[in-house]
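Structure data (PDB, C-alpha atoms, pLDDT in the B column) from target24.pdb:
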ATOM      1  CA  GLY A 107      55.598 201.831 270.274  1.00 75.00           C
ATOM      2  CA  ALA A 108      56.306 203.534 273.549  1.00 83.00           C
ATOM      3  CA  LEU A 109      53.822 206.356 272.938  1.00 87.00           C
ATOM      4  CA  ARG A 110      51.016 203.855 272.325  1.00 92.00           C
ATOM      5  CA  GLY A 111      51.856 202.136 275.619  1.00 93.00           C
ATOM      6  CA  THR A 112      51.917 205.414 277.519  1.00 93.00           C
ATOM      7  CA  ILE A 113      48.521 206.426 276.145  1.00 94.00           C
ATOM      8  CA  LEU A 114      47.015 203.002 276.899  1.00 96.00           C
ATOM      9  CA  HIS A 115      48.250 203.207 280.492  1.00 96.00           C
ATOM     10  CA  LYS A 116      46.861 206.738 280.858  1.00 96.00           C
ATOM     11  CA  LEU A 117      43.464 205.688 279.492  1.00 97.00           C
ATOM     12  CA  MET A 118      43.328 202.767 281.938  1.00 97.00           C
ATOM     13  CA  GLU A 119      44.224 205.095 284.803  1.00 97.00           C
ATOM     14  CA  GLU A 120      41.492 207.536 283.811  1.00 97.00           C
ATOM     15  CA  LEU A 121      38.934 204.736 283.409  1.00 97.00           C
ATOM     16  CA  LEU A 122      39.759 203.310 286.836  1.00 97.00           C
ATOM     17  CA  THR A 123      39.573 206.725 288.533  1.00 97.00           C
ATOM     18  CA  LYS A 124      36.279 207.395 286.713  1.00 96.00           C
ATOM     19  CA  MET A 125      37.714 210.455 284.977  1.00 96.00           C
ATOM     20  CA  LEU A 126      36.527 208.748 281.783  1.00 96.00           C
ATOM     21  CA  ASP A 127      33.445 206.658 281.146  1.00 96.00           C
ATOM     22  CA  PRO A 128      33.840 203.318 279.384  1.00 97.00           C
ATOM     23  CA  ASP A 129      32.576 204.900 276.170  1.00 97.00           C
ATOM     24  CA  LEU A 130      34.415 204.366 272.886  1.00 97.00           C
ATOM     25  CA  ALA A 131      33.776 207.877 271.522  1.00 97.00           C
ATOM     26  CA  GLN A 132      34.966 209.534 274.737  1.00 97.00           C
ATOM     27  CA  LEU A 133      38.036 207.276 274.883  1.00 97.00           C
ATOM     28  CA  THR A 134      38.859 207.991 271.242  1.00 97.00           C
ATOM     29  CA  ASP A 135      38.647 211.757 271.840  1.00 97.00           C
ATOM     30  CA  ARG A 136      40.887 211.432 274.889  1.00 97.00           C
ATOM     31  CA  ALA A 137      43.374 209.198 273.036  1.00 95.00           C
ATOM     32  CA  TYR A 138      43.517 211.763 270.230  1.00 94.00           C
ATOM     33  CA  ALA A 139      44.154 214.601 272.719  1.00 94.00           C
ATOM     34  CA  LEU A 140      46.883 212.629 274.489  1.00 93.00           C
ATOM     35  CA  THR A 141      48.492 211.789 271.165  1.00 90.00           C
ATOM     36  CA  GLN A 142      48.516 215.444 270.140  1.00 88.00           C
ATOM     37  CA  GLU A 143      50.042 216.481 273.479  1.00 85.00           C
ATOM     38  CA  ALA A 144      52.798 213.875 273.314  1.00 78.00           C
ATOM     39  CA  ILE A 145      53.695 213.561 269.653  1.00 68.00           C
ATOM     40  CA  VAL A 146      57.196 214.649 268.727  1.00 60.00           C
ATOM     41  CA  THR A 147      57.819 216.254 265.353  1.00 57.00           C
ATOM     42  CA  GLY A 148      58.542 213.503 262.878  1.00 59.00           C
ATOM     43  CA  GLY A 149      57.303 210.822 265.291  1.00 66.00           C
ATOM     44  CA  THR A 150      54.713 208.226 264.433  1.00 77.00           C
ATOM     45  CA  ALA A 151      51.415 208.698 266.224  1.00 83.00           C
ATOM     46  CA  PRO A 152      49.324 205.712 267.255  1.00 89.00           C
ATOM     47  CA  ASP A 153      45.795 205.458 265.881  1.00 93.00           C
ATOM     48  CA  PRO A 154      43.523 206.980 268.576  1.00 94.00           C
ATOM     49  CA  SER A 155      40.603 204.718 267.543  1.00 96.00           C
ATOM     50  CA  GLU A 156      42.715 201.565 267.920  1.00 96.00           C
ATOM     51  CA  VAL A 157      44.160 202.707 271.245  1.00 96.00           C
ATOM     52  CA  ALA A 158      40.702 203.607 272.580  1.00 97.00           C
ATOM     53  CA  ALA A 159      39.239 200.255 271.480  1.00 98.00           C
ATOM     54  CA  THR A 160      42.142 198.411 273.100  1.00 97.00           C
ATOM     55  CA  ALA A 161      41.698 200.245 276.410  1.00 97.00           C
ATOM     56  CA  LEU A 162      37.936 199.668 276.405  1.00 98.00           C
ATOM     57  CA  ARG A 163      38.373 195.967 275.576  1.00 97.00           C
ATOM     58  CA  THR A 164      40.850 195.643 278.462  1.00 97.00           C
ATOM     59  CA  PHE A 165      38.629 197.539 280.908  1.00 97.00           C
ATOM     60  CA  SER A 166      35.676 195.312 279.904  1.00 97.00           C
ATOM     61  CA  HIS A 167      37.629 192.015 279.920  1.00 96.00           C
ATOM     62  CA  GLU A 168      35.634 189.199 281.521  1.00 96.00           C
ATOM     63  CA  THR A 169      38.572 188.111 283.696  1.00 94.00           C
ATOM     64  CA  LEU A 170      38.917 191.604 285.164  1.00 95.00           C
ATOM     65  CA  LYS A 171      35.235 192.388 285.792  1.00 95.00           C
ATOM     66  CA  THR A 172      35.261 191.417 289.461  1.00 95.00           C
ATOM     67  CA  TYR A 173      38.440 193.418 290.063  1.00 97.00           C
ATOM     68  CA  ILE A 174      37.622 196.648 288.191  1.00 96.00           C
ATOM     69  CA  PRO A 175      35.567 198.188 291.054  1.00 96.00           C
ATOM     70  CA  ILE A 176      38.378 197.580 293.566  1.00 97.00           C
ATOM     71  CA  LEU A 177      41.392 198.519 291.426  1.00 97.00           C
ATOM     72  CA  ILE A 178      43.517 201.493 292.408  1.00 97.00           C
ATOM     73  CA  PRO A 179      45.770 202.630 289.541  1.00 97.00           C
ATOM     74  CA  GLU A 180      49.397 203.752 289.617  1.00 96.00           C
ATOM     75  CA  VAL A 181      50.337 202.623 293.126  1.00 95.00           C
ATOM     76  CA  PRO A 182      53.895 203.471 294.265  1.00 94.00           C
ATOM     77  CA  LEU A 183      55.721 200.556 295.885  1.00 93.00           C
ATOM     78  CA  PHE A 184      58.768 200.588 298.140  1.00 91.00           C
ATOM     79  CA  GLY A 185      60.685 197.877 299.950  1.00 88.00           C
ATOM     80  CA  ALA A 186      64.041 196.261 300.614  1.00 83.00           C
ATOM     81  CA  ARG A 187      65.573 193.102 299.201  1.00 78.00           C
ATOM     82  CA  SER A 188      68.300 193.275 301.836  1.00 83.00           C
ATOM     83  CA  ASP A 189      69.947 195.739 304.195  1.00 87.00           C
ATOM     84  CA  MET A 190      71.800 197.175 301.206  1.00 90.00           C
ATOM     85  CA  VAL A 191      69.322 196.877 298.317  1.00 87.00           C
ATOM     86  CA  LEU A 192      66.217 199.053 298.219  1.00 89.00           C
ATOM     87  CA  VAL A 193      63.401 198.688 295.698  1.00 87.00           C
ATOM     88  CA  SER A 194      60.952 201.216 294.338  1.00 90.00           C
ATOM     89  CA  ALA A 195      58.378 200.600 291.631  1.00 90.00           C
ATOM     90  CA  ARG A 196      54.936 201.626 290.478  1.00 93.00           C
ATOM     91  CA  ALA A 197      52.213 199.035 290.000  1.00 95.00           C
ATOM     92  CA  ASP A 198      49.804 199.744 287.148  1.00 96.00           C
ATOM     93  CA  ALA A 199      46.922 198.713 289.416  1.00 97.00           C
ATOM     94  CA  ILE A 200      46.342 196.903 292.687  1.00 98.00           C
ATOM     95  CA  ALA A 201      43.061 195.380 293.836  1.00 97.00           C
ATOM     96  CA  PHE A 202      42.183 196.198 297.448  1.00 97.00           C
ATOM     97  CA  GLU A 203      39.518 194.582 299.615  1.00 96.00           C
ATOM     98  CA  GLY A 204      38.889 196.261 302.949  1.00 95.00           C
ATOM     99  CA  GLY A 205      42.068 198.288 302.553  1.00 94.00           C
ATOM    100  CA  VAL A 206      44.192 195.161 302.059  1.00 96.00           C
ATOM    101  CA  PRO A 207      45.858 194.378 298.716  1.00 97.00           C
ATOM    102  CA  VAL A 208      44.687 191.124 297.131  1.00 96.00           C
ATOM    103  CA  ALA A 209      46.178 191.179 293.618  1.00 97.00           C
ATOM    104  CA  ALA A 210      48.391 193.279 291.360  1.00 97.00           C
ATOM    105  CA  PHE A 211      47.865 193.996 287.663  1.00 97.00           C
ATOM    106  CA  ASP A 212      50.435 194.960 285.077  1.00 97.00           C
ATOM    107  CA  TRP A 213      49.140 196.372 281.780  1.00 97.00           C
ATOM    108  CA  LYS A 214      51.300 195.323 278.834  1.00 96.00           C
ATOM    109  CA  SER A 215      50.901 197.043 275.478  1.00 93.00           C
ATOM    110  CA  ASP A 216      53.275 194.772 273.535  1.00 88.00           C
ATOM    111  CA  VAL A 217      51.823 193.785 270.176  1.00 85.00           C
ATOM    112  CA  ALA A 218      53.768 190.508 269.838  1.00 89.00           C
ATOM    113  CA  PRO A 219      55.589 189.650 273.077  1.00 90.00           C
ATOM    114  CA  THR A 220      58.176 186.877 272.862  1.00 92.00           C
ATOM    115  CA  PRO A 221      58.655 184.113 275.443  1.00 93.00           C
ATOM    116  CA  ASP A 222      61.608 186.133 276.797  1.00 94.00           C
ATOM    117  CA  ASP A 223      59.299 189.160 277.114  1.00 94.00           C
ATOM    118  CA  HIS A 224      56.767 187.049 279.048  1.00 95.00           C
ATOM    119  CA  GLU A 225      59.507 185.866 281.389  1.00 95.00           C
ATOM    120  CA  ALA A 226      60.767 189.409 282.014  1.00 94.00           C
ATOM    121  CA  HIS A 227      57.215 190.656 282.584  1.00 95.00           C
ATOM    122  CA  ALA A 228      56.478 187.830 285.050  1.00 95.00           C
ATOM    123  CA  SER A 229      59.690 188.607 286.926  1.00 94.00           C
ATOM    124  CA  GLN A 230      58.692 192.266 287.216  1.00 93.00           C
ATOM    125  CA  LEU A 231      55.213 191.357 288.459  1.00 95.00           C
ATOM    126  CA  LEU A 232      56.649 188.897 290.990  1.00 94.00           C
ATOM    127  CA  GLU A 233      58.674 191.792 292.414  1.00 91.00           C
ATOM    128  CA  TYR A 234      55.434 193.733 292.886  1.00 93.00           C
ATOM    129  CA  LEU A 235      53.736 190.752 294.526  1.00 95.00           C
ATOM    130  CA  GLU A 236      56.651 190.436 296.943  1.00 91.00           C
ATOM    131  CA  LEU A 237      56.544 194.140 297.770  1.00 91.00           C
ATOM    132  CA  ILE A 238      52.839 194.121 298.634  1.00 93.00           C
ATOM    133  CA  GLY A 239      52.751 190.604 300.105  1.00 92.00           C
ATOM    134  CA  VAL A 240      50.049 189.121 297.887  1.00 94.00           C
ATOM    135  CA  GLU A 241      50.020 185.711 296.260  1.00 95.00           C
ATOM    136  CA  LYS A 242      48.795 186.531 292.773  1.00 96.00           C
ATOM    137  CA  GLY A 243      48.788 189.069 290.053  1.00 97.00           C
ATOM    138  CA  ALA A 244      48.042 189.243 286.361  1.00 97.00           C
ATOM    139  CA  LEU A 245      49.931 190.310 283.289  1.00 97.00           C
ATOM    140  CA  VAL A 246      47.288 191.832 281.058  1.00 97.00           C
ATOM    141  CA  TYR A 247      48.381 191.874 277.424  1.00 97.00           C
ATOM    142  CA  MET A 248      46.074 194.591 276.208  1.00 97.00           C
ATOM    143  CA  THR A 249      46.515 194.112 272.464  1.00 95.00           C
ATOM    144  CA  SER A 250      45.820 190.374 272.395  1.00 95.00           C
ATOM    145  CA  GLY A 251      43.461 190.305 275.379  1.00 95.00           C
ATOM    146  CA  ASP A 252      45.574 187.577 276.971  1.00 95.00           C
ATOM    147  CA  VAL A 253      45.562 187.576 280.787  1.00 96.00           C
ATOM    148  CA  ARG A 254      48.326 185.536 282.407  1.00 96.00           C
ATOM    149  CA  TRP A 255      48.134 184.934 286.130  1.00 96.00           C
ATOM    150  CA  VAL A 256      51.398 184.870 288.049  1.00 96.00           C
ATOM    151  CA  HIS A 257      51.675 183.328 291.512  1.00 96.00           C
ATOM    152  CA  ARG A 258      54.509 183.932 293.924  1.00 89.00           C
ATOM    153  CA  ASN A 259      56.092 181.332 296.122  1.00 74.00           C
ATOM    154  CA  PRO A 260      53.939 181.296 299.270  1.00 58.00           C
ATOM    155  CA  ASN A 261      56.857 179.880 301.339  1.00 59.00           C
ATOM    156  CA  LYS A 262      59.019 182.933 300.664  1.00 53.00           C
ATOM    157  CA  THR A 263      58.917 185.871 303.067  1.00 51.00           C
ATOM    158  CA  PRO A 264      57.577 189.095 301.466  1.00 48.00           C
ATOM    159  CA  LEU A 265      59.874 192.085 301.212  1.00 49.00           C
ATOM    160  CA  ALA A 266      59.600 194.544 304.076  1.00 42.00           C
TER     161      ALA A 266
END

Written as structure tokens, how would this file's structure read?
Amino acid sequence: GALRGTILHKLMEELLTKMLDPDLAQLTDRAYALTQEAIVTGGTAPDPSEVAATALRTFSHETLKTYIPILIPEVPLFGARSDMVLVSARADAIAFEGGVPVAAFDWKSDVAPTPDDHEAHASQLLEYLELIGVEKGALVYMTSGDVRWVHRNPNKTPLA
């Protein structure tokens, strides 16, 4: 559910900022603490061990290894689609090389995303790519370990 997704995103943020080590026991303890802080009476809590293992598996994913050292989490984005339409968003993580963005990453905690979900997720990521003016980004489905690269139209002008 939503709480599981929030905790997964927080664990990824803390891994990328080095607040947490990529250690399953430490991640499990942190997932448990986050669950206890956020749980609403009568709500269903995610399993801290499962959430920790999912975050560690994502952080250690072969496809992401070259990006992990250059990822900055939770980057605010702003731009304009037109003179009348402004856009604001927050990217889960952006890879920077020499201070220049090179790729965006969107963590997805969906357990069983549908084709419509994939399309909506790709559309959201394309908005991020436009805002930062990069050609590629990845949808990272944390539960399944599936990484889907999304490429924007290089002939289209990025948003200002």

Could you list, as a compact mmCIF listing (two decimals) with C-alpha atoms, in the coordinates of the input, every residue within 12 Å of Leu121 (chain A), counting all atoms listed in the file and ignoring same-chain residues fewer than 6 positions away?
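Written output follows (result_19.txt):
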# COMPACT_ATOMS: atom_id res chain seq x y z
CA LEU A 114 47.02 203.00 276.90
CA HIS A 115 48.25 203.21 280.49
CA ASP A 127 33.44 206.66 281.15
CA PRO A 128 33.84 203.32 279.38
CA ASP A 129 32.58 204.90 276.17
CA LEU A 130 34.42 204.37 272.89
CA GLN A 132 34.97 209.53 274.74
CA LEU A 133 38.04 207.28 274.88
CA ARG A 136 40.89 211.43 274.89
CA ALA A 158 40.70 203.61 272.58
CA ALA A 161 41.70 200.24 276.41
CA LEU A 162 37.94 199.67 276.40
CA ARG A 163 38.37 195.97 275.58
CA THR A 164 40.85 195.64 278.46
CA PHE A 165 38.63 197.54 280.91
CA SER A 166 35.68 195.31 279.90
CA ILE A 174 37.62 196.65 288.19
CA PRO A 175 35.57 198.19 291.05
CA LEU A 177 41.39 198.52 291.43
CA ILE A 178 43.52 201.49 292.41
CA PRO A 179 45.77 202.63 289.54
CA ALA A 199 46.92 198.71 289.42

Where does the PyMOL selection byres ((chain A and resi 212-228) around 10) land in this file, that is, which residues does it pick, as a ChimeraX atom specification? /A:107-108,110-115,118,157,160-161,164,180,196-200,210-211,229-234,243-258

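Among the candidates A:Leu170, A:Ala131, A:Val191, A:Ile176, the residue lying nearest to Glu156 (chain A) is A:Ala131 (atoms considered: all atoms listed in the file).
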
Nearest candidate to Lys171 (chain A) (options A:Leu117, A:Leu237, A:Leu109, A:Ala201; using all atoms listed in the file): A:Ala201

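When the PyMOL selection byres ((chain A and resi 184) around 7) is evaluated on the file shown here, the picked residues come out as Pro182, Leu183, Gly185, Val193, Ser194, Ala195 and Leu237 of chain A.
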
Let me have the centre and edge lengths of the axis-aligned box enclosing all listed atoms of region 245-258 of chain A with 6 Å padding on every side, in Å to one decimal, as JSON.
{"center_x": 49.0, "center_y": 189.0, "center_z": 283.2, "size_x": 23.0, "size_y": 23.3, "size_z": 33.5}

Give me, please, the distance in Å between CA of Thr134 (chain A) and CA of Lys116 (chain A), quoted to one decimal.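 Taking CA of Thr134 (chain A) as the start and CA of Lys116 (chain A) as the end point, the length is 12.6 Å.
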
Distance CA of Ala209 (chain A)-CA of Ser188 (chain A), one decimal place?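 Calculated distance between CA of Ala209 (chain A) and CA of Ser188 (chain A) is 23.7 Å.
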
Would you work out the distance separating CA of Tyr173 (chain A) from CA of Asp153 (chain A), expressed in Å to one decimal?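 Separation of CA of Tyr173 (chain A) and CA of Asp153 (chain A): 28.0 Å.
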
Considering only C-alpha atoms, return as a PyMOL selection string whatever protein or nucleic-acid residues lie within 12 Å of Asn259 (chain A), sequence-local ones (same chain, fewer than 5 positions apart) excluded. chain A and resi 232-233+235-236+239-242+264
